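Next up, model.txt (compact mmCIF, C-alpha atoms):
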# COMPACT_ATOMS: atom_id res chain seq x y z
CA THR A 1406 -78.80 -50.46 -41.11
CA ASP A 1407 -76.27 -49.05 -38.63
CA GLU A 1408 -75.28 -52.64 -37.81
CA MET A 1409 -74.20 -53.24 -41.42
CA PHE A 1410 -71.59 -50.49 -41.69
CA TRP A 1411 -68.59 -49.06 -39.92
CA ARG A 1412 -69.69 -45.70 -38.62
CA ARG A 1413 -66.47 -43.88 -39.50
CA SER A 1414 -65.81 -45.11 -43.04
CA GLY A 1415 -69.28 -46.24 -44.10
CA ALA A 1416 -67.81 -49.52 -45.40
CA LEU A 1417 -69.55 -52.84 -44.76
CA SER A 1418 -68.76 -54.32 -41.39
CA PRO A 1419 -66.37 -57.34 -41.71
CA ARG A 1420 -68.25 -58.97 -38.85
CA ARG A 1421 -71.54 -58.78 -40.74
CA VAL A 1422 -69.91 -59.95 -43.97
CA GLY A 1423 -68.47 -62.98 -42.17
CA GLU A 1424 -71.82 -63.69 -40.51
CA TRP A 1425 -73.48 -63.79 -43.92
CA LEU A 1426 -70.74 -65.83 -45.64
CA LEU A 1427 -70.37 -68.43 -42.87
CA ARG A 1428 -73.92 -68.80 -41.55
CA GLY A 1429 -76.14 -67.11 -44.12
CA SER A 1430 -77.63 -64.95 -41.39
CA GLY A 1431 -77.51 -61.38 -40.15
CA PRO A 1432 -78.66 -58.13 -41.73
CA LEU A 1433 -76.85 -58.84 -45.01
CA ALA A 1434 -78.98 -61.97 -45.47
CA SER A 1435 -82.04 -59.79 -45.97
CA SER A 1436 -83.03 -58.46 -49.37
CA GLY A 1437 -84.20 -55.33 -47.58
CA CYS A 1438 -87.81 -55.91 -48.55
CA ASP A 1439 -88.66 -59.45 -47.51
CA PHE A 1440 -91.35 -58.87 -44.87
CA GLY A 1441 -94.90 -57.64 -45.17
CA GLY A 1442 -98.48 -58.73 -45.52
CA PHE A 1443 -101.73 -58.45 -47.45
CA PHE A 1444 -104.86 -56.88 -46.04
CA SER A 1445 -108.42 -55.99 -46.98
CA SER A 1446 -108.85 -52.26 -46.60
CA ARG A 1447 -112.57 -52.63 -45.94
CA PRO A 1448 -115.03 -55.45 -45.17
CA GLY A 1449 -116.70 -57.44 -47.92
CA LEU A 1450 -113.78 -57.72 -50.34
CA ALA A 1451 -113.27 -61.10 -51.98
CA GLN A 1452 -109.48 -60.62 -52.05
CA PRO A 1453 -107.00 -58.33 -50.29
CA ASP A 1454 -106.52 -54.99 -52.03
CA LEU A 1455 -103.71 -53.64 -49.83
CA GLN A 1456 -100.12 -54.74 -49.39
CA LEU A 1457 -97.80 -53.43 -46.69
CA ARG A 1458 -94.06 -53.90 -47.14
CA PHE A 1459 -91.65 -53.50 -44.26
CA VAL A 1460 -88.27 -52.02 -45.15
CA PRO A 1461 -85.54 -51.97 -42.45
CA GLY A 1462 -84.30 -48.55 -43.45
CA LEU A 1463 -85.43 -44.98 -43.98
CA GLY A 1464 -85.91 -43.56 -47.45
CA THR A 1465 -84.43 -40.23 -48.42
CA SER A 1466 -87.92 -39.02 -49.35
CA PRO A 1467 -91.50 -40.36 -49.52
CA ASP A 1468 -90.81 -41.27 -53.16
CA GLY A 1469 -89.52 -44.83 -52.94
CA VAL A 1470 -88.06 -44.84 -56.46
CA SER A 1471 -86.02 -41.69 -55.81
CA SER A 1472 -84.94 -43.11 -52.46
CA TYR A 1473 -83.53 -46.27 -54.04
CA ARG A 1474 -81.65 -44.12 -56.55
CA ASP A 1475 -80.22 -41.90 -53.83
CA ILE A 1476 -79.27 -44.86 -51.66
CA GLY A 1477 -77.57 -46.55 -54.61
CA ARG A 1478 -75.45 -43.48 -55.18
CA ALA A 1479 -74.60 -43.06 -51.51
CA GLY A 1480 -74.01 -46.76 -50.90
CA LYS A 1481 -75.85 -46.72 -47.58
CA THR A 1482 -79.45 -46.72 -46.38
CA PRO A 1483 -80.29 -44.22 -43.63
CA SER A 1484 -81.15 -45.97 -40.38
CA GLY A 1485 -84.84 -46.24 -39.59
CA LEU A 1486 -87.86 -48.22 -40.75
CA THR A 1487 -90.41 -47.79 -43.51
CA LEU A 1488 -93.82 -49.27 -44.25
CA GLN A 1489 -94.87 -49.02 -47.89
CA SER A 1490 -98.58 -49.05 -48.73
CA ILE A 1491 -99.47 -50.57 -52.10
CA ALA A 1492 -102.87 -50.74 -53.82
CA VAL A 1493 -102.43 -54.17 -55.39
CA ARG A 1494 -105.75 -54.18 -57.25
CA PRO A 1495 -105.84 -50.65 -58.68
CA THR A 1496 -108.84 -49.39 -60.59
CA ALA A 1497 -107.20 -46.28 -62.05
CA ARG A 1498 -106.30 -46.44 -65.73
CA GLY A 1499 -103.56 -44.57 -67.54
CA SER A 1500 -102.53 -44.40 -71.17
CA VAL A 1501 -99.53 -44.63 -73.48
CA SER A 1502 -99.61 -42.62 -76.69
CA LEU A 1503 -97.29 -41.15 -79.30
CA SER A 1504 -95.65 -37.87 -78.35
CA SER A 1505 -94.75 -36.91 -81.93
CA ALA A 1506 -94.31 -38.26 -85.45
CA ASP A 1507 -90.66 -39.01 -84.64
CA PRO A 1508 -90.40 -42.79 -84.02
CA SER A 1509 -87.35 -42.29 -81.80
CA ALA A 1510 -89.15 -39.88 -79.47
CA PRO A 1511 -90.20 -41.24 -76.04
CA PRO A 1512 -93.91 -42.05 -75.76
CA ARG A 1513 -96.30 -39.95 -73.70
CA ILE A 1514 -97.15 -41.90 -70.56
CA GLU A 1515 -100.06 -40.90 -68.32
CA THR A 1516 -100.01 -43.11 -65.21
CA GLY A 1517 -103.43 -42.17 -63.86
CA TYR A 1518 -102.11 -42.23 -60.28
CA GLY A 1519 -104.54 -40.56 -57.89
CA THR A 1520 -107.47 -40.53 -60.31
CA SER A 1521 -109.42 -43.35 -58.64
CA GLU A 1522 -111.29 -42.71 -55.41
CA ALA A 1523 -111.20 -46.45 -54.66
CA ASP A 1524 -107.39 -46.52 -54.91
CA LEU A 1525 -107.09 -43.42 -52.74
CA ALA A 1526 -109.31 -45.02 -50.10
CA THR A 1527 -107.16 -48.16 -50.13
CA LEU A 1528 -103.94 -46.18 -49.68
CA ARG A 1529 -105.46 -43.97 -46.97
CA GLN A 1530 -106.26 -47.10 -45.00
CA GLY A 1531 -102.74 -48.38 -45.65
CA LEU A 1532 -101.23 -45.25 -44.09
CA ARG A 1533 -103.53 -45.51 -41.08
CA LEU A 1534 -102.75 -49.18 -40.59
CA SER A 1535 -99.02 -48.50 -40.94
CA ARG A 1536 -99.07 -45.93 -38.15
CA GLU A 1537 -101.12 -48.29 -35.99
CA LEU A 1538 -98.62 -51.12 -36.51
CA VAL A 1539 -95.57 -48.99 -35.76
CA ALA A 1540 -97.25 -47.80 -32.55
CA GLN A 1541 -97.24 -51.35 -31.17
CA PRO A 1542 -94.96 -52.22 -28.21
CA ALA A 1543 -92.76 -54.43 -30.43
CA PHE A 1544 -91.35 -51.26 -32.01
CA ASP A 1545 -90.72 -49.40 -28.75
CA GLY A 1546 -86.96 -49.90 -28.94
CA VAL A 1547 -86.53 -48.76 -32.53
CA ARG A 1548 -89.33 -46.28 -33.16
CA GLY A 1549 -88.19 -42.71 -33.69
CA GLU A 1550 -89.88 -39.56 -34.86
CA GLU A 1551 -92.15 -40.01 -37.89
CA ALA A 1552 -90.52 -38.67 -41.05
CA TRP A 1553 -93.70 -38.70 -43.14
CA PRO A 1554 -96.56 -38.31 -43.92
CA ARG A 1555 -96.78 -36.15 -40.77
CA VAL A 1556 -100.42 -35.32 -41.42
CA ASP A 1557 -103.65 -35.84 -39.53
CA LEU A 1558 -104.75 -39.35 -40.51
CA GLY A 1559 -108.36 -38.31 -40.00
CA ASP A 1560 -108.08 -35.68 -42.73
CA ASP A 1561 -108.90 -37.46 -46.01
CA ALA A 1562 -108.08 -34.42 -48.13
CA ALA A 1563 -104.60 -34.06 -46.59
CA LEU A 1564 -103.92 -37.76 -47.06
CA ASP A 1565 -105.08 -37.64 -50.68
CA GLU A 1566 -102.78 -34.70 -51.37
CA TYR A 1567 -99.86 -36.61 -49.82
CA ILE A 1568 -100.68 -39.77 -51.79
CA ARG A 1569 -100.97 -37.94 -55.12
CA SER A 1570 -97.66 -36.15 -54.58
CA THR A 1571 -95.71 -39.29 -53.64
CA ALA A 1572 -97.35 -42.17 -55.56
CA HIS A 1573 -95.18 -44.33 -57.83
CA SER A 1574 -95.20 -47.82 -59.30
CA ALA A 1575 -94.61 -50.82 -57.04
CA ASN A 1576 -93.68 -54.48 -57.42
CA ALA A 1577 -92.96 -55.29 -61.08
CA LEU A 1578 -94.66 -54.09 -64.24
CA GLY A 1579 -96.94 -56.37 -66.25
CA GLY A 1580 -99.82 -56.52 -68.68
CA SER A 1581 -98.38 -54.44 -71.51
CA CYS A 1582 -98.68 -57.30 -74.02
CA ARG A 1583 -101.75 -59.02 -72.71
CA MET A 1584 -103.05 -62.46 -73.55
CA GLY A 1585 -106.62 -63.06 -74.69
CA SER A 1586 -109.01 -64.16 -77.42
CA ASP A 1587 -110.34 -60.72 -78.36
CA PRO A 1588 -109.03 -58.65 -81.30
CA LEU A 1589 -107.09 -56.28 -79.02
CA ALA A 1590 -105.09 -59.07 -77.34
CA VAL A 1591 -101.43 -59.17 -78.40
CA VAL A 1592 -100.95 -62.91 -77.80
CA ASP A 1593 -103.42 -65.78 -77.92
CA PRO A 1594 -104.02 -68.26 -75.04
CA ALA A 1595 -101.07 -70.32 -76.34
CA LEU A 1596 -98.88 -67.19 -75.99
CA ARG A 1597 -98.39 -66.89 -79.76
CA VAL A 1598 -98.09 -63.33 -81.07
CA ARG A 1599 -101.05 -62.58 -83.34
CA GLY A 1600 -100.04 -61.92 -86.92
CA ALA A 1601 -96.56 -63.45 -86.51
CA SER A 1602 -95.30 -66.97 -87.10
CA GLY A 1603 -92.99 -68.82 -84.72
CA LEU A 1604 -93.04 -66.08 -82.09
CA ARG A 1605 -94.27 -66.29 -78.51
CA VAL A 1606 -94.10 -63.95 -75.52
CA VAL A 1607 -93.52 -65.64 -72.16
CA ASP A 1608 -93.17 -63.06 -69.39
CA ALA A 1609 -95.27 -60.90 -67.09
CA SER A 1610 -96.28 -58.59 -69.92
CA VAL A 1611 -98.88 -61.14 -71.15
CA LEU A 1612 -100.87 -61.13 -67.90
CA PRO A 1613 -104.41 -59.88 -68.66
CA THR A 1614 -104.91 -58.71 -65.06
CA LEU A 1615 -102.54 -57.95 -62.19
CA PRO A 1616 -102.27 -60.87 -59.73
CA GLY A 1617 -102.35 -58.63 -56.67
CA GLY A 1618 -98.74 -58.90 -55.49
CA GLN A 1619 -95.22 -59.66 -56.64
CA LEU A 1620 -95.05 -61.17 -60.12
CA GLY A 1621 -92.27 -63.70 -59.50
CA ALA A 1622 -94.39 -66.78 -58.69
CA THR A 1623 -96.94 -65.90 -61.38
CA THR A 1624 -94.20 -65.58 -64.01
CA PHE A 1625 -92.69 -68.94 -63.00
CA ALA A 1626 -96.12 -70.58 -63.38
CA LEU A 1627 -96.57 -68.88 -66.74
CA ALA A 1628 -93.19 -70.14 -67.96
CA GLU A 1629 -93.95 -73.71 -66.84
CA ARG A 1630 -97.29 -73.57 -68.63
CA ALA A 1631 -95.61 -72.25 -71.79
CA ALA A 1632 -93.07 -75.08 -71.66
CA ARG A 1633 -95.86 -77.66 -71.47
CA ILE A 1634 -97.67 -76.01 -74.39
CA ILE A 1635 -94.53 -75.98 -76.55
CA LEU A 1636 -93.53 -79.55 -75.65
CA GLY A 1637 -97.09 -80.72 -76.28
CA GLU A 1638 -97.14 -79.14 -79.73
CA ARG A 1639 -93.77 -80.67 -80.55
CA ALA A 1640 -94.89 -84.11 -79.39
CA ALA A 1641 -98.08 -83.81 -81.44
CA GLY A 1642 -96.05 -82.86 -84.50
CA GLU A 1643 -93.71 -85.80 -84.07
CA ALA A 1644 -96.68 -88.16 -83.69
CA GLU A 1645 -98.28 -86.86 -86.89
CA ALA A 1646 -95.15 -87.28 -88.99
CA PRO A 1647 -95.01 -91.15 -88.90
CA ALA A 1648 -98.73 -91.32 -89.67
CA GLU A 1649 -98.23 -89.13 -92.75
CA ARG A 1650 -95.33 -91.32 -93.88
CA ARG A 1651 -97.44 -94.47 -93.45
CA GLN A 1652 -100.22 -92.90 -95.50
CA GLU A 1653 -97.80 -91.93 -98.27
CA HIS A 1654 -96.37 -95.48 -98.30
CA ALA A 1655 -99.87 -96.96 -98.56
CA HIS A 1656 -100.63 -94.75 -101.55
CA ALA A 1657 -97.41 -95.84 -103.15
CA LEU A 1658 -98.28 -99.51 -102.76
CA GLY A 1659 -101.75 -98.91 -104.15
CA ALA A 1660 -100.31 -97.16 -107.20
CA ALA A 1661 -97.95 -100.06 -107.83
Full structure transcribed into structure tokens:
Amino acid sequence: TDEMFWRRSGALSPRRVGEWLLRGSGPLASSGCDFGGFFSSRPGLAQPDLQLRFVPGLGTSPDGVSSYRDIGRAGKTPSGLTLQSIAVRPTARGSVSLSSADPSAPPRIETGYGTSEADLATLRQGLRLSRELVAQPAFDGVRGEEAWPRVDLGDDAALDEYIRSTAHSANALGGSCRMGSDPLAVVDPALRVRGASGLRVVDASVLPTLPGGQLGATTFALAERAARIILGERAAGEAEAPAERRQEHAHALGAA
């Protein structure tokens, strides 16, 4: 990130701004989180359960959410590199409940982070793989002293303590208004809200399970599917209307 700013003032470098405006390249062309990969933390998995995200900057703490807040206030990302480990198929379950009889009071949210041994094992492997990747020769020119976790990667208990104390949500949130055919589903397979007329929900909240990564592509597919459903229902309704009119006209002729 040092290449993006003037060292004295901390303002964006005019050179880098021009590079981005004229050629669409340079450090400003990056979203800051556009590289990474998906991995299986152990053999025998049908799908990857671990995502590593590469961030070309150093957080202000192991808590990524707090880091983004701090960086937003400061206007600059500390120079460095970060690898984020994400359990993309978590098995832990939390809960949302009422905190009081006051409807304006915030709900009580229990995330359940750190309560699943399977999730902890996935994240432990993510930390080990991250250190292994950063140790490769490709990082020799930019690798500095490790900021965290700074623990023995062979010590599961120490890693679990670190994970529990720094875990937070990742990617986007989804599944709070899930789709299904069972009585507890909020929307039906046509995305219609149960118990309401003329109301659909078309966003990531209807996903019955997490897709195992960013929700952007999944939400686009969901929206396209919803559009086809709605257009199909409209076309079916328009096709039925002439048939009903023909039937009414036939009855009228028969009565005459």
- Item | d(CA of Phe1444 (chain A), CA of Gly1580 (chain A)) in Å | 23.2 Å
- Would you kindly return, as a count of residues only, each protein, DNA or RNA residue with an atom no farther than 12 Å from any atom of Ala1631 (chain A), considering all atoms listed in the file and excluding same-chain residues fewer than 5 positions away? 16
- Query: Please, which residues are within 12 Å of (-111.2, -46.8, -46.8) by the file's coordinates, counting all atoms listed in the file, and could they come as JSON, numbers by chain?
  - Reply: {"A": [1444, 1445, 1446, 1447, 1448, 1450, 1454, 1455, 1492, 1522, 1523, 1524, 1525, 1526, 1527, 1528, 1529, 1530, 1531, 1532, 1533, 1534, 1558, 1559, 1561, 1564, 1565]}
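Counting from CA of Met1409 (chain A), the distance to CA of Leu1433 (chain A) is 7.2 Å.
Here CA of Glu1408 (chain A) stands at a distance of 19.8 Å from CA of Glu1550 (chain A).
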- Around the point (-95.9, -43.1, -58.9), in the coordinates given by the file, pick out the residues reaching within 9 Å, counting all atoms listed in the file, and return them as a list in words.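 Result, sorted by chain then residue number: Asp1468, Gly1469, Val1470, Thr1516, Tyr1518, Arg1569, Ser1570, Thr1571, Ala1572, His1573, Ser1574 and Ala1575 of chain A.
Non-sequential neighbours of Glu1424 (chain A) (distance at most 12 Å, separation of 5 or more positions within a chain, all atoms listed in the file) are Glu1408, Met1409, Leu1417, Ser1418, Pro1419, Gly1429, Ser1430, Gly1431, Pro1432, Leu1433 and Ala1434 of chain A.
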Residue subset to file, keeping C-alpha atoms, as a tab-separated table (two decimals), in the frame of the given file:
chain	number	residue	atom	x	y	z
A	1408	GLU	CA	-75.28	-52.64	-37.81
A	1409	MET	CA	-74.20	-53.24	-41.42
A	1417	LEU	CA	-69.55	-52.84	-44.76
A	1418	SER	CA	-68.76	-54.32	-41.39
A	1419	PRO	CA	-66.37	-57.34	-41.71
A	1429	GLY	CA	-76.14	-67.11	-44.12
A	1430	SER	CA	-77.63	-64.95	-41.39
A	1431	GLY	CA	-77.51	-61.38	-40.15
A	1432	PRO	CA	-78.66	-58.13	-41.73
A	1433	LEU	CA	-76.85	-58.84	-45.01
A	1434	ALA	CA	-78.98	-61.97	-45.47
- Message: Between A:Thr1465, A:Pro1508, A:Arg1458, A:Met1584, which residue has the minimum interatomic distance to Ala1479 (chain A), considering all atoms listed in the file?
- Response: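 Nearest to Ala1479 (chain A): A:Thr1465.
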- Task: Select, from A:Glu1551, A:Leu1426, A:Arg1420, A:Ser1500, the residue with the minimum atom-to-atom distance to Gly1464 (chain A), counting only C-alpha atoms.
- Result: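 Smallest distance to Gly1464 (chain A) is found for A:Glu1551.
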Mind giving me the axis-aligned box for region 1604-1608 of chain A with 6 Å on every side, centre plus edges in Å to one decimal, as JSON?
{"center_x": -93.7, "center_y": -64.7, "center_z": -75.7, "size_x": 13.2, "size_y": 15.2, "size_z": 24.7}
- Message: So that I can check the surroundings of Ser1466 (chain A), please list as a PyMOL selection string every protein, DNA and RNA residue that reaches within 10 Å of it, counting all atoms listed in the file and ignoring chain neighbours fewer than 5 positions away.
- Response: chain A and resi 1471-1473+1475+1552-1553+1571
Store the residues of this selection in a file with C-alpha atoms, as a PDB file, in the frame of the given file.
ATOM      1  CA  SER A1471     -86.020 -41.690 -55.810  1.00  0.00           C
ATOM      2  CA  SER A1472     -84.940 -43.110 -52.460  1.00  0.00           C
ATOM      3  CA  TYR A1473     -83.530 -46.270 -54.040  1.00  0.00           C
ATOM      4  CA  ASP A1475     -80.220 -41.900 -53.830  1.00  0.00           C
ATOM      5  CA  ALA A1552     -90.520 -38.670 -41.050  1.00  0.00           C
ATOM      6  CA  TRP A1553     -93.700 -38.700 -43.140  1.00  0.00           C
ATOM      7  CA  THR A1571     -95.710 -39.290 -53.640  1.00  0.00           C
TER       8      THR A1571
END
For region 1614-1625 of chain A, where the input has fewer atoms than it should, I would like all heavy atoms rebuilt and written as a JSON list (two decimals), in the coordinates of the input.
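What ended up in selection02.json:
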[["chain", "number", "residue", "atom", "x", "y", "z"],
["A", 1614, "THR", "N", -104.59, -59.48, -66.26],
["A", 1614, "THR", "CA", -104.91, -58.71, -65.06],
["A", 1614, "THR", "C", -103.75, -58.85, -64.08],
["A", 1614, "THR", "O", -103.01, -59.83, -64.12],
["A", 1614, "THR", "CB", -106.20, -59.20, -64.38],
["A", 1614, "THR", "OG1", -106.06, -60.59, -64.05],
["A", 1614, "THR", "CG2", -107.41, -59.02, -65.28],
["A", 1615, "LEU", "N", -103.61, -57.87, -63.19],
["A", 1615, "LEU", "CA", -102.54, -57.95, -62.19],
["A", 1615, "LEU", "C", -102.91, -58.98, -61.12],
["A", 1615, "LEU", "O", -104.06, -59.03, -60.68],
["A", 1615, "LEU", "CB", -102.35, -56.59, -61.54],
["A", 1615, "LEU", "CG", -101.85, -55.47, -62.46],
["A", 1615, "LEU", "CD1", -101.79, -54.15, -61.69],
["A", 1615, "LEU", "CD2", -100.49, -55.81, -63.03],
["A", 1616, "PRO", "N", -101.96, -59.82, -60.70],
["A", 1616, "PRO", "CA", -102.27, -60.87, -59.73],
["A", 1616, "PRO", "C", -102.44, -60.39, -58.31],
["A", 1616, "PRO", "O", -102.83, -61.16, -57.44],
["A", 1616, "PRO", "CB", -101.07, -61.82, -59.85],
["A", 1616, "PRO", "CG", -99.95, -60.95, -60.28],
["A", 1616, "PRO", "CD", -100.57, -59.90, -61.17],
["A", 1617, "GLY", "N", -102.14, -59.14, -58.02],
["A", 1617, "GLY", "CA", -102.35, -58.63, -56.67],
["A", 1617, "GLY", "C", -101.15, -58.80, -55.76],
["A", 1617, "GLY", "O", -101.32, -58.99, -54.55],
["A", 1618, "GLY", "N", -99.94, -58.75, -56.30],
["A", 1618, "GLY", "CA", -98.74, -58.90, -55.49],
["A", 1618, "GLY", "C", -97.52, -58.98, -56.39],
["A", 1618, "GLY", "O", -97.57, -58.61, -57.56],
["A", 1619, "GLN", "N", -96.42, -59.48, -55.83],
["A", 1619, "GLN", "CA", -95.22, -59.66, -56.64],
["A", 1619, "GLN", "C", -95.49, -60.62, -57.79],
["A", 1619, "GLN", "O", -96.29, -61.54, -57.68],
["A", 1619, "GLN", "CB", -94.07, -60.20, -55.78],
["A", 1619, "GLN", "CG", -93.25, -59.13, -55.09],
["A", 1619, "GLN", "CD", -93.94, -58.53, -53.89],
["A", 1619, "GLN", "OE1", -94.94, -59.03, -53.41],
["A", 1619, "GLN", "NE2", -93.41, -57.43, -53.39],
["A", 1620, "LEU", "N", -94.79, -60.40, -58.90],
["A", 1620, "LEU", "CA", -95.05, -61.17, -60.12],
["A", 1620, "LEU", "C", -94.15, -62.38, -60.27],
["A", 1620, "LEU", "O", -94.28, -63.12, -61.25],
["A", 1620, "LEU", "CB", -94.88, -60.27, -61.35],
["A", 1620, "LEU", "CG", -95.81, -59.05, -61.44],
["A", 1620, "LEU", "CD1", -95.57, -58.31, -62.74],
["A", 1620, "LEU", "CD2", -97.26, -59.48, -61.32],
["A", 1621, "GLY", "N", -93.23, -62.62, -59.35],
["A", 1621, "GLY", "CA", -92.27, -63.70, -59.50],
["A", 1621, "GLY", "C", -92.93, -65.07, -59.64],
["A", 1621, "GLY", "O", -92.69, -65.80, -60.62],
["A", 1622, "ALA", "N", -93.76, -65.46, -58.66],
["A", 1622, "ALA", "CA", -94.39, -66.78, -58.69],
["A", 1622, "ALA", "C", -95.31, -66.93, -59.90],
["A", 1622, "ALA", "O", -95.36, -67.99, -60.54],
["A", 1622, "ALA", "CB", -95.18, -67.02, -57.40],
["A", 1623, "THR", "N", -96.04, -65.86, -60.22],
["A", 1623, "THR", "CA", -96.94, -65.90, -61.38],
["A", 1623, "THR", "C", -96.16, -66.11, -62.67],
["A", 1623, "THR", "O", -96.58, -66.87, -63.55],
["A", 1623, "THR", "CB", -97.74, -64.59, -61.47],
["A", 1623, "THR", "OG1", -98.42, -64.38, -60.24],
["A", 1623, "THR", "CG2", -98.76, -64.65, -62.59],
["A", 1624, "THR", "N", -95.01, -65.45, -62.80],
["A", 1624, "THR", "CA", -94.20, -65.58, -64.01],
["A", 1624, "THR", "C", -93.60, -66.98, -64.11],
["A", 1624, "THR", "O", -93.50, -67.54, -65.21],
["A", 1624, "THR", "CB", -93.10, -64.52, -64.02],
["A", 1624, "THR", "OG1", -93.70, -63.23, -63.87],
["A", 1624, "THR", "CG2", -92.33, -64.54, -65.33],
["A", 1625, "PHE", "N", -93.17, -67.56, -62.98],
["A", 1625, "PHE", "CA", -92.69, -68.94, -63.00],
["A", 1625, "PHE", "C", -93.78, -69.89, -63.49],
["A", 1625, "PHE", "O", -93.54, -70.77, -64.32],
["A", 1625, "PHE", "CB", -92.24, -69.36, -61.60],
["A", 1625, "PHE", "CG", -90.82, -69.01, -61.28],
["A", 1625, "PHE", "CD1", -90.53, -68.08, -60.31],
["A", 1625, "PHE", "CD2", -89.77, -69.62, -61.95],
["A", 1625, "PHE", "CE1", -89.22, -67.73, -60.02],
["A", 1625, "PHE", "CE2", -88.45, -69.30, -61.66],
["A", 1625, "PHE", "CZ", -88.18, -68.35, -60.69]]
